[in-house]
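Engineer: Below is the structure I would like to discuss, written out as structure tokens.
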Amino acid sequence: MKISTLLLLTTSIAYGIVWSIIYLLVSIFHGMTRMFNDDFIFLIARLLHINLSSVLLGFIFAFLDGALFGSLLGILLLTIYKKNPDE
């Protein structure tokens, strides 16, 4: 497997898992199920006009948002790596 594919997959999955765990901890401590659609912004849910009503849906969309951010960060790291491969 290429280093670029591995880096992109790793950052996507890592950020997805970390962001969804942060979301779960905050929702457990603060009872955020009533604030899903108003205060806690899910990028993908906003784009698709989906109203979230359960912790599981919130967890899934938090993972997708984290994976999207991880993919963007992985692409940024790949462009930096390709500009300076020997340094």
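Following the order of the structure tokens, chains are lettered A, B, ..., residues in each are numbered from 1, and ligands are numbered from 1.
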Extract, using only C-alpha atoms, all DNA, RNA and protein residues at most 9 Å from Leu68 of chain A, discarding same-chain residues fewer than 6 positions from it, and format them as a PyMOL selection string.
Structural biologist: chain A and resi 12+15-16
Engineer: Find the distance between atom CA of Tyr23 of chain A and atom CA of Leu78 of chain A and write it in Å to one decimal.
Structural biologist: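 Between these atoms lies a distance of 27.6 Å.
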Engineer: Determine, counting only C-alpha atoms, which protein, DNA and RNA residues have an atom within 12 Å of an atom of Ala14 of chain A; residues of the same chain fewer than 6 positions away are not included. Present the result as a list in words.
Structural biologist: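 My reading of the contact set: Leu6, Leu7, Leu8, Ser20, Ile21, Phe63, Leu64, Asp65, Gly66, Ala67, Leu68, Phe69, Gly70, Ser71, Leu73 and Gly74 of chain A.
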Engineer: Which of these, A:Leu72, A:Ile3, A:Ala62, A:Ile13, has the shortest distance to Ser27 of chain A once you count only C-alpha atoms?
Structural biologist: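 So, comparing all the options, the nearest one is A:Ala62.
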Engineer: Counting only C-alpha atoms, which of A:Ile17, A:Ile80, A:Ile75, A:Ile28 gets nearest to Phe61 of chain A?
Structural biologist: A:Ile17
Engineer: Counting only C-alpha atoms, which residue out of A:Lys83, A:Phe29, A:Leu24, A:Ser4 sits closest to Leu57 of chain A?
Structural biologist: A:Leu24
Engineer: Can you measure atom CA of Thr10 of chain A to atom CA of Tyr81 of chain A for me? One decimal in Å is fine.
Structural biologist: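 It comes out at 15.4 Å.
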